[in-house]
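J.: So that we are looking at the same thing, I have put the structure below in structure tokens.
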Amino acid sequence: MTEADLPDLPTPDDGPLPDPFTDTVESFGARGTFCGVPTRRVDEVTSGEVVIIGAPFDWGASHRPGARFGPKAIREADYLPPDGSRPHLTAGVDPLVDLPVVDAGDAAIVGGYIAPSLASIERYVHGVAARGGVPIVLGGDHTITFPDASGVARHHGFGRVALIHFDAHADTGEDQWGQLHGHGTPMRRLIESGAIPGFRFVQIGLRGYWPPPETVAWMREQRMRSYFMEEIVERGLTTVVDEAVAHASGRGPDGEDPAVGVFISVDVDVVDPGMAPGTGTPEPGGLTSRQLLDTVRRLGRELEVLGADVVEVAPHYDQPMDITAALGNRIVLELTTGMTERRRSSAGGTA
């Protein structure tokens with residue numbers, strides 16, 4: 001499979017985008033913003049803003065569907081007032097205000113159709129990145145990382161962005177049921193398209209019984225750095241993250257220039273399903289929610305985050321207390337807290 005096999009993706013100049021939370025809302029779309037932050041049209045994003053985008057898409061799911069309802073659940077999984085303010089207890093910053101964070105609503109999805117939906121998602125993400133914003137996409141199944149990271153790379157340069165991927169599964173399948181796109185294939189599509197080279201990938205939390213050995217061999221040929229849970233347990237998560245930060249920010253194996261920044265993709269099934277049951281393909285034996293939250297905050301603080309997504313929250317399985325959606329909400333808050341700390345440090349102490 002080559003880049004020629006992949007569908008053409010549109011540019012942000014293909015006509016006006018709709019108003020957020022109005023004409024794009026489907027029956028499964030979100031009606032309110034993330035924690036009450038202000039709304040923002042994609043074509044009105046200003047440089048430095050962190051922009052929430054919903055991608056209510058789950059036509060790539062291979063097992064349990066329902067992640068189309070993830071953006072709505074993540075936005076609403078909060079017991080505090082929707083006032084657009086979340087001061088962090090220990091960091092001394094309010095990421096929603098200090099960055100600031102705004103919400104562009106949901107990307108327009110074509111129900112039941114994969115290619116046009118992915119093209120629409122890429123258009124929204126690229127539109128934010130092209131205006132100097134940092135897109136954070138709420139999924140949706142993991143298929144969406146292909147347009148998410150592609151949209152960021154189209155602005156910052158194909159081959160110039162690193163990707164840190166938290167997941168139980170590598171998502172490097174050659175195909176899914178004979179099709180190019182599904183939630184088991186996005187990382188392979190990114191490598192094949194040239195958007196994210198294999199040597200710029202770091203994967204954390206892999207475990208279980210998929211993909212097969214030939215796919216793992218392909219991953220090694222691409223020089224992907226993949227940390228399986230056995231290695232994380234043996235060596236410790238702190239050591240693994242130390243290496244992940246160095247890998248994502250250092251030169252390539254053949255002396256390539258360091259990446260200009262990083263895209264972070266978090267599949268909630270990286271967390272043990274005892275703490276995150278609301279997902280489509282749960283795999284026992286993962287990270288704790290505490291470990292994940294501490295890690296994404298650290299990455300936001302230590303790396304230049306150009307974009308991110310939080311995927312595979314499927315609220316219909318999230319009983320009895322919406323704990324997976326709440327985790328998704330807090331992943332965004334901890335990541336943006338780290339980003340605020342980084343900006344404050346770069347500015348000499350003021351966020």
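Letters A, B, ... go to the chains of the structure tokens in the order shown; residues in each chain start at 1; ligands are counted from 1 in the same order.
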Using backbone DSSP assignments, extract all alpha helix (DSSP H) residues from region 214-266 of chain A; output them as a list of chain:residue names.
T.: A:Glu214, A:Thr215, A:Val216, A:Ala217, A:Trp218, A:Met219, A:Arg220, A:Glu221, A:Met229, A:Glu230, A:Glu231, A:Ile232, A:Val233, A:Glu234, A:Arg235, A:Leu237, A:Thr238, A:Thr239, A:Val240, A:Val241, A:Asp242, A:Glu243, A:Ala244, A:Val245, A:Ala246, A:His247, A:Ala248, A:Ser249
J.: Compile the contact shell of region 58-68 of chain A as an MDAnalysis selection string: residues with an atom at most 9 Å away, counting only C-alpha atoms, same-chain residues fewer than 2 positions apart removed.
T.: chainID A and resid 28:29 55:56 70:72 111:114 139:144 176:177 181:184 279:281 311:317
J.: Emit the selected residues as a compact mmCIF listing (two decimals), in the first residue's frame, including N, CA, C and O atoms.
T.:
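As a result, part11.txt now contains:
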```txt
# COMPACT_ATOMS: atom_id res chain seq x y z
N PHE A 28 -25.80 12.50 17.90
CA PHE A 28 -24.84 12.03 18.89
C PHE A 28 -23.77 13.08 19.20
O PHE A 28 -22.78 12.79 19.85
N GLY A 29 -23.94 14.30 18.70
CA GLY A 29 -22.95 15.34 18.89
C GLY A 29 -23.12 16.07 20.22
O GLY A 29 -24.13 15.96 20.90
N ALA A 55 -14.70 14.67 17.49
CA ALA A 55 -14.75 13.81 16.30
C ALA A 55 -15.64 12.61 16.64
O ALA A 55 -15.15 11.54 17.00
N PRO A 56 -16.97 12.78 16.55
CA PRO A 56 -17.90 11.72 16.95
C PRO A 56 -18.02 10.63 15.89
O PRO A 56 -19.02 10.49 15.19
N GLY A 70 -18.26 9.65 22.50
CA GLY A 70 -17.16 10.04 23.36
C GLY A 70 -16.98 11.54 23.54
O GLY A 70 -16.81 12.01 24.67
N PRO A 71 -16.99 12.34 22.46
CA PRO A 71 -16.79 13.79 22.65
C PRO A 71 -17.81 14.41 23.60
O PRO A 71 -17.46 15.23 24.46
N LYS A 72 -19.07 14.02 23.44
CA LYS A 72 -20.11 14.55 24.31
C LYS A 72 -19.87 14.13 25.76
O LYS A 72 -19.96 14.95 26.69
N GLY A 111 -22.47 10.22 8.48
CA GLY A 111 -22.83 9.00 9.17
C GLY A 111 -22.69 7.76 8.31
O GLY A 111 -23.26 7.67 7.23
N GLY A 112 -21.91 6.78 8.80
CA GLY A 112 -21.75 5.52 8.11
C GLY A 112 -20.68 5.50 7.04
O GLY A 112 -20.42 4.45 6.46
N TYR A 113 -20.03 6.64 6.77
CA TYR A 113 -19.05 6.73 5.69
C TYR A 113 -17.70 7.16 6.26
O TYR A 113 -17.59 8.21 6.89
N ILE A 114 -16.69 6.34 6.02
CA ILE A 114 -15.40 6.57 6.63
C ILE A 114 -14.61 7.67 5.94
O ILE A 114 -14.20 8.64 6.58
N GLY A 139 -12.15 11.96 20.61
CA GLY A 139 -12.76 10.91 19.79
C GLY A 139 -13.90 10.24 20.50
O GLY A 139 -14.16 10.48 21.68
N GLY A 140 -14.59 9.42 19.73
CA GLY A 140 -14.20 8.85 18.48
C GLY A 140 -13.23 7.67 18.66
O GLY A 140 -12.54 7.55 19.65
N ASP A 141 -13.29 6.72 17.68
CA ASP A 141 -12.36 5.61 17.75
C ASP A 141 -11.01 6.03 17.17
O ASP A 141 -10.85 7.12 16.63
N HIS A 142 -10.03 5.12 17.29
CA HIS A 142 -8.65 5.52 17.01
C HIS A 142 -8.36 5.72 15.53
O HIS A 142 -7.29 6.22 15.17
N THR A 143 -9.30 5.37 14.66
CA THR A 143 -9.14 5.69 13.24
C THR A 143 -8.80 7.16 13.04
O THR A 143 -8.06 7.52 12.12
N ILE A 144 -9.35 8.02 13.91
CA ILE A 144 -9.23 9.46 13.70
C ILE A 144 -7.81 9.99 13.86
O ILE A 144 -7.53 11.12 13.44
N GLN A 176 -7.77 -3.54 7.78
CA GLN A 176 -8.80 -4.02 8.71
C GLN A 176 -9.95 -4.56 7.88
O GLN A 176 -10.63 -3.81 7.20
N TRP A 177 -10.10 -5.88 7.88
CA TRP A 177 -11.11 -6.54 7.05
C TRP A 177 -10.96 -6.16 5.58
O TRP A 177 -11.93 -5.94 4.87
N HIS A 181 -8.78 1.78 6.25
CA HIS A 181 -9.04 2.58 7.44
C HIS A 181 -9.89 1.84 8.46
O HIS A 181 -10.93 1.25 8.13
N GLY A 182 -9.43 1.87 9.69
CA GLY A 182 -10.12 1.32 10.84
C GLY A 182 -9.29 1.65 12.06
O GLY A 182 -8.16 2.17 11.93
N HIS A 183 -9.80 1.35 13.24
CA HIS A 183 -9.02 1.78 14.41
C HIS A 183 -7.81 0.89 14.68
O HIS A 183 -7.03 1.19 15.59
N GLY A 184 -7.60 -0.13 13.85
CA GLY A 184 -6.39 -0.93 13.95
C GLY A 184 -5.30 -0.56 12.95
O GLY A 184 -4.26 -1.21 12.91
N THR A 279 -14.78 1.44 27.06
CA THR A 279 -14.00 1.48 25.84
C THR A 279 -14.32 0.25 25.00
O THR A 279 -14.85 -0.73 25.51
N GLY A 280 -13.98 0.30 23.72
CA GLY A 280 -14.43 -0.72 22.79
C GLY A 280 -13.67 -2.02 22.83
O GLY A 280 -14.22 -3.08 22.55
N THR A 281 -12.36 -1.97 23.13
CA THR A 281 -11.54 -3.18 23.14
C THR A 281 -10.71 -3.24 24.42
O THR A 281 -9.49 -3.05 24.40
N VAL A 311 -8.96 9.21 22.61
CA VAL A 311 -9.86 8.39 21.80
C VAL A 311 -10.36 7.15 22.55
O VAL A 311 -9.82 6.78 23.59
N GLU A 312 -11.39 6.54 21.95
CA GLU A 312 -11.94 5.26 22.36
C GLU A 312 -12.72 5.31 23.68
O GLU A 312 -12.94 4.26 24.30
N VAL A 313 -13.18 6.48 24.08
CA VAL A 313 -14.14 6.55 25.19
C VAL A 313 -15.51 6.18 24.64
O VAL A 313 -16.04 6.87 23.75
N ALA A 314 -16.07 5.08 25.12
CA ALA A 314 -17.38 4.59 24.67
C ALA A 314 -18.31 4.55 25.88
O ALA A 314 -18.35 3.58 26.62
N PRO A 315 -19.06 5.62 26.10
CA PRO A 315 -19.76 5.81 27.39
C PRO A 315 -20.83 4.78 27.69
O PRO A 315 -21.19 4.62 28.86
N HIS A 316 -21.35 4.08 26.69
CA HIS A 316 -22.40 3.10 26.98
C HIS A 316 -21.90 1.93 27.82
O HIS A 316 -22.70 1.22 28.43
N TYR A 317 -20.59 1.72 27.83
CA TYR A 317 -20.02 0.65 28.64
C TYR A 317 -19.41 1.19 29.93
O TYR A 317 -18.77 0.44 30.67
```
J.: Find the residues near region 77-81 of chain A: any atom within 6 Å, counting only C-alpha atoms, skip ones fewer than 4 places away on the same chain, and give them as a PDB file with N, CA and C atoms, in the first residue's frame.
T.:
```
ATOM      1  N   ALA A  73     -19.517  12.858  25.964  1.00  0.00           N
ATOM      2  CA  ALA A  73     -19.301  12.359  27.317  1.00  0.00           C
ATOM      3  C   ALA A  73     -18.094  13.015  27.975  1.00  0.00           C
ATOM      4  N   ALA A 325     -15.119   8.370  31.005  1.00  0.00           N
ATOM      5  CA  ALA A 325     -15.319   9.720  30.475  1.00  0.00           C
ATOM      6  C   ALA A 325     -14.656  10.755  31.378  1.00  0.00           C
ATOM      7  N   ALA A 326     -14.752  10.553  32.689  1.00  0.00           N
ATOM      8  CA  ALA A 326     -14.092  11.469  33.617  1.00  0.00           C
ATOM      9  C   ALA A 326     -12.580  11.424  33.433  1.00  0.00           C
TER      10      ALA A 326
END
```
J.: Could you list, as a list of chain:residue names, every residue within 10 Å of Ser249 (chain A), counting only C-alpha atoms and ignoring same-chain residues fewer than 6 positions away?
T.: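 The neighbour list is A:Val161, A:Ala162, A:Arg200, A:Glu243, A:Asp257, A:Pro258, A:Ala259, A:Val260, A:Gly261, A:Val262, A:Glu302, A:Leu303, A:Glu304.
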J.: Report, in Å to a single decimal, how far apart CA of Leu96 (chain A) and CA of Glu44 (chain A) are.
T.: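 Computed distance, CA of Glu44 (chain A) to CA of Leu96 (chain A), equals 17.9 Å.
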J.: Restricting the calculation to only C-alpha atoms: of A:Leu293, A:Ala129, A:Cys35, A:Ile164, which residue gets closest to Val101 (chain A)?
T.: A:Cys35
J.: Residues of region 82-206 of chain A in strand (DSSP E) according to DSSP, as a list of chain:residue names?
T.: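 Filtering region 82-206 of chain A down to strand (DSSP E) leaves A:Val101, A:Val102, A:Asp103, A:Ala104, A:Gly105, A:Asp106, A:Val134, A:Pro135, A:Ile136, A:Val137, A:Leu138, A:Gly139, A:Val161, A:Ala162, A:Leu163, A:Ile164, A:His165, A:Phe166, A:Phe201, A:Val202, A:Gln203, A:Ile204, A:Gly205, A:Leu206.
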J.: How about saving the chosen residues, N, CA, C and O atoms kept, as an mmCIF file, in the first residue's frame?
T.:
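Everything below was put into again-v6.cif:
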```cif
data_model
loop_
_atom_site.group_PDB
_atom_site.id
_atom_site.type_symbol
_atom_site.label_atom_id
_atom_site.label_comp_id
_atom_site.auth_asym_id
_atom_site.auth_seq_id
_atom_site.Cartn_x
_atom_site.Cartn_y
_atom_site.Cartn_z
ATOM 1 N N VAL A 101 -7.907 27.862 26.508
ATOM 2 C CA VAL A 101 -8.551 26.761 25.803
ATOM 3 C C VAL A 101 -9.916 27.232 25.309
ATOM 4 O O VAL A 101 -10.670 27.879 26.059
ATOM 5 N N VAL A 102 -10.234 26.936 24.043
ATOM 6 C CA VAL A 102 -11.537 27.259 23.458
ATOM 7 C C VAL A 102 -12.078 25.984 22.806
ATOM 8 O O VAL A 102 -11.380 24.981 22.682
ATOM 9 N N ASP A 103 -13.325 26.017 22.360
ATOM 10 C CA ASP A 103 -13.960 24.814 21.810
ATOM 11 C C ASP A 103 -14.580 25.142 20.455
ATOM 12 O O ASP A 103 -15.418 26.041 20.341
ATOM 13 N N ALA A 104 -14.156 24.392 19.427
ATOM 14 C CA ALA A 104 -14.657 24.607 18.065
ATOM 15 C C ALA A 104 -15.787 23.662 17.699
ATOM 16 O O ALA A 104 -16.160 23.575 16.523
ATOM 17 N N GLY A 105 -16.338 22.947 18.683
ATOM 18 C CA GLY A 105 -17.441 22.044 18.399
ATOM 19 C C GLY A 105 -16.970 20.779 17.716
ATOM 20 O O GLY A 105 -15.785 20.441 17.707
ATOM 21 N N ASP A 106 -17.917 20.048 17.129
ATOM 22 C CA ASP A 106 -17.613 18.776 16.485
ATOM 23 C C ASP A 106 -17.375 18.945 14.994
ATOM 24 O O ASP A 106 -18.093 19.693 14.317
ATOM 25 N N VAL A 134 -3.404 24.978 18.729
ATOM 26 C CA VAL A 134 -3.040 23.604 19.070
ATOM 27 C C VAL A 134 -4.333 22.804 19.182
ATOM 28 O O VAL A 134 -5.110 23.001 20.123
ATOM 29 N N PRO A 135 -4.622 21.916 18.230
ATOM 30 C CA PRO A 135 -5.858 21.148 18.292
ATOM 31 C C PRO A 135 -5.762 19.987 19.280
ATOM 32 O O PRO A 135 -4.771 19.250 19.296
ATOM 33 N N ILE A 136 -6.800 19.826 20.091
ATOM 34 C CA ILE A 136 -6.960 18.638 20.926
ATOM 35 C C ILE A 136 -8.289 18.012 20.523
ATOM 36 O O ILE A 136 -9.348 18.613 20.712
ATOM 37 N N VAL A 137 -8.215 16.818 19.953
ATOM 38 C CA VAL A 137 -9.391 16.180 19.376
ATOM 39 C C VAL A 137 -9.934 15.144 20.342
ATOM 40 O O VAL A 137 -9.193 14.281 20.833
ATOM 41 N N LEU A 138 -11.249 15.217 20.592
ATOM 42 C CA LEU A 138 -11.934 14.240 21.432
ATOM 43 C C LEU A 138 -12.607 13.224 20.528
ATOM 44 O O LEU A 138 -13.494 13.562 19.741
ATOM 45 N N GLY A 139 -12.149 11.957 20.613
ATOM 46 C CA GLY A 139 -12.763 10.908 19.790
ATOM 47 C C GLY A 139 -13.898 10.236 20.504
ATOM 48 O O GLY A 139 -14.161 10.482 21.678
ATOM 49 N N VAL A 161 7.218 15.895 12.640
ATOM 50 C CA VAL A 161 6.471 15.820 13.891
ATOM 51 C C VAL A 161 6.673 14.434 14.505
ATOM 52 O O VAL A 161 6.603 13.418 13.804
ATOM 53 N N ALA A 162 6.931 14.384 15.804
ATOM 54 C CA ALA A 162 7.002 13.113 16.527
ATOM 55 C C ALA A 162 5.616 12.760 17.050
ATOM 56 O O ALA A 162 4.741 13.627 17.184
ATOM 57 N N LEU A 163 5.406 11.489 17.351
ATOM 58 C CA LEU A 163 4.113 11.052 17.869
ATOM 59 C C LEU A 163 4.328 10.101 19.038
ATOM 60 O O LEU A 163 5.021 9.085 18.903
ATOM 61 N N ILE A 164 3.757 10.440 20.183
ATOM 62 C CA ILE A 164 3.769 9.571 21.359
ATOM 63 C C ILE A 164 2.379 8.990 21.514
ATOM 64 O O ILE A 164 1.391 9.729 21.627
ATOM 65 N N HIS A 165 2.312 7.670 21.527
ATOM 66 C CA HIS A 165 1.067 6.928 21.395
ATOM 67 C C HIS A 165 0.879 6.027 22.611
ATOM 68 O O HIS A 165 1.684 5.117 22.843
ATOM 69 N N PHE A 166 -0.170 6.309 23.392
ATOM 70 C CA PHE A 166 -0.520 5.471 24.544
ATOM 71 C C PHE A 166 -1.637 4.523 24.128
ATOM 72 O O PHE A 166 -2.696 4.963 23.658
ATOM 73 N N PHE A 201 8.074 7.610 16.084
ATOM 74 C CA PHE A 201 7.006 7.057 16.920
ATOM 75 C C PHE A 201 7.552 6.545 18.245
ATOM 76 O O PHE A 201 8.594 5.882 18.298
ATOM 77 N N VAL A 202 6.800 6.824 19.317
ATOM 78 C CA VAL A 202 6.989 6.161 20.602
ATOM 79 C C VAL A 202 5.637 5.623 21.029
ATOM 80 O O VAL A 202 4.648 6.366 21.049
ATOM 81 N N GLN A 203 5.585 4.335 21.359
ATOM 82 C CA GLN A 203 4.344 3.708 21.812
ATOM 83 C C GLN A 203 4.524 3.206 23.239
ATOM 84 O O GLN A 203 5.543 2.582 23.554
ATOM 85 N N ILE A 204 3.539 3.462 24.089
ATOM 86 C CA ILE A 204 3.635 3.130 25.512
ATOM 87 C C ILE A 204 2.399 2.357 25.950
ATOM 88 O O ILE A 204 1.272 2.818 25.728
ATOM 89 N N GLY A 205 2.617 1.182 26.543
ATOM 90 C CA GLY A 205 1.526 0.438 27.161
ATOM 91 C C GLY A 205 1.042 -0.768 26.398
ATOM 92 O O GLY A 205 0.026 -1.373 26.781
ATOM 93 N N LEU A 206 1.733 -1.171 25.316
ATOM 94 C CA LEU A 206 1.258 -2.269 24.476
ATOM 95 C C LEU A 206 1.225 -3.579 25.264
ATOM 96 O O LEU A 206 2.109 -3.867 26.066
#
```
J.: Can you pull out every residue within 8 Å of Met229 (chain A), counting only C-alpha atoms, but drop anything in the same chain fewer than 2 positions away, and send it as JSON, numbers by chain?
T.: {"A": [204, 205, 206, 207, 227, 231, 232, 233, 285, 286]}
J.: Selected residues, C-alpha atoms, written as a compact mmCIF listing (two decimals), in the first residue's frame, please.
T.:
```txt
# COMPACT_ATOMS: atom_id res chain seq x y z
CA ILE A 204 3.63 3.13 25.51
CA GLY A 205 1.53 0.44 27.16
CA LEU A 206 1.26 -2.27 24.48
CA ARG A 207 0.05 -5.68 25.68
CA TYR A 227 7.27 -0.11 25.08
CA GLU A 231 9.13 -3.73 29.94
CA ILE A 232 7.34 -0.90 31.75
CA VAL A 233 6.79 -3.13 34.80
CA GLY A 285 -3.18 -5.36 32.75
CA GLY A 286 -2.66 -1.73 31.81
```
J.: Excluding Asp43 (chain A) and any residue of its chain fewer than 4 positions from it, enumerate the residues within 9 Å of it, using only C-alpha atoms, and give them as a count of residues only.
T.: 6
J.: Between A:Ala168, A:Val93, A:Val245, A:Val240, which has the minimum distance to Gly208 (chain A) (counting only C-alpha atoms)?
T.: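 When distances to Gly208 (chain A) are compared using only C-alpha atoms, the smallest one comes from A:Ala168.
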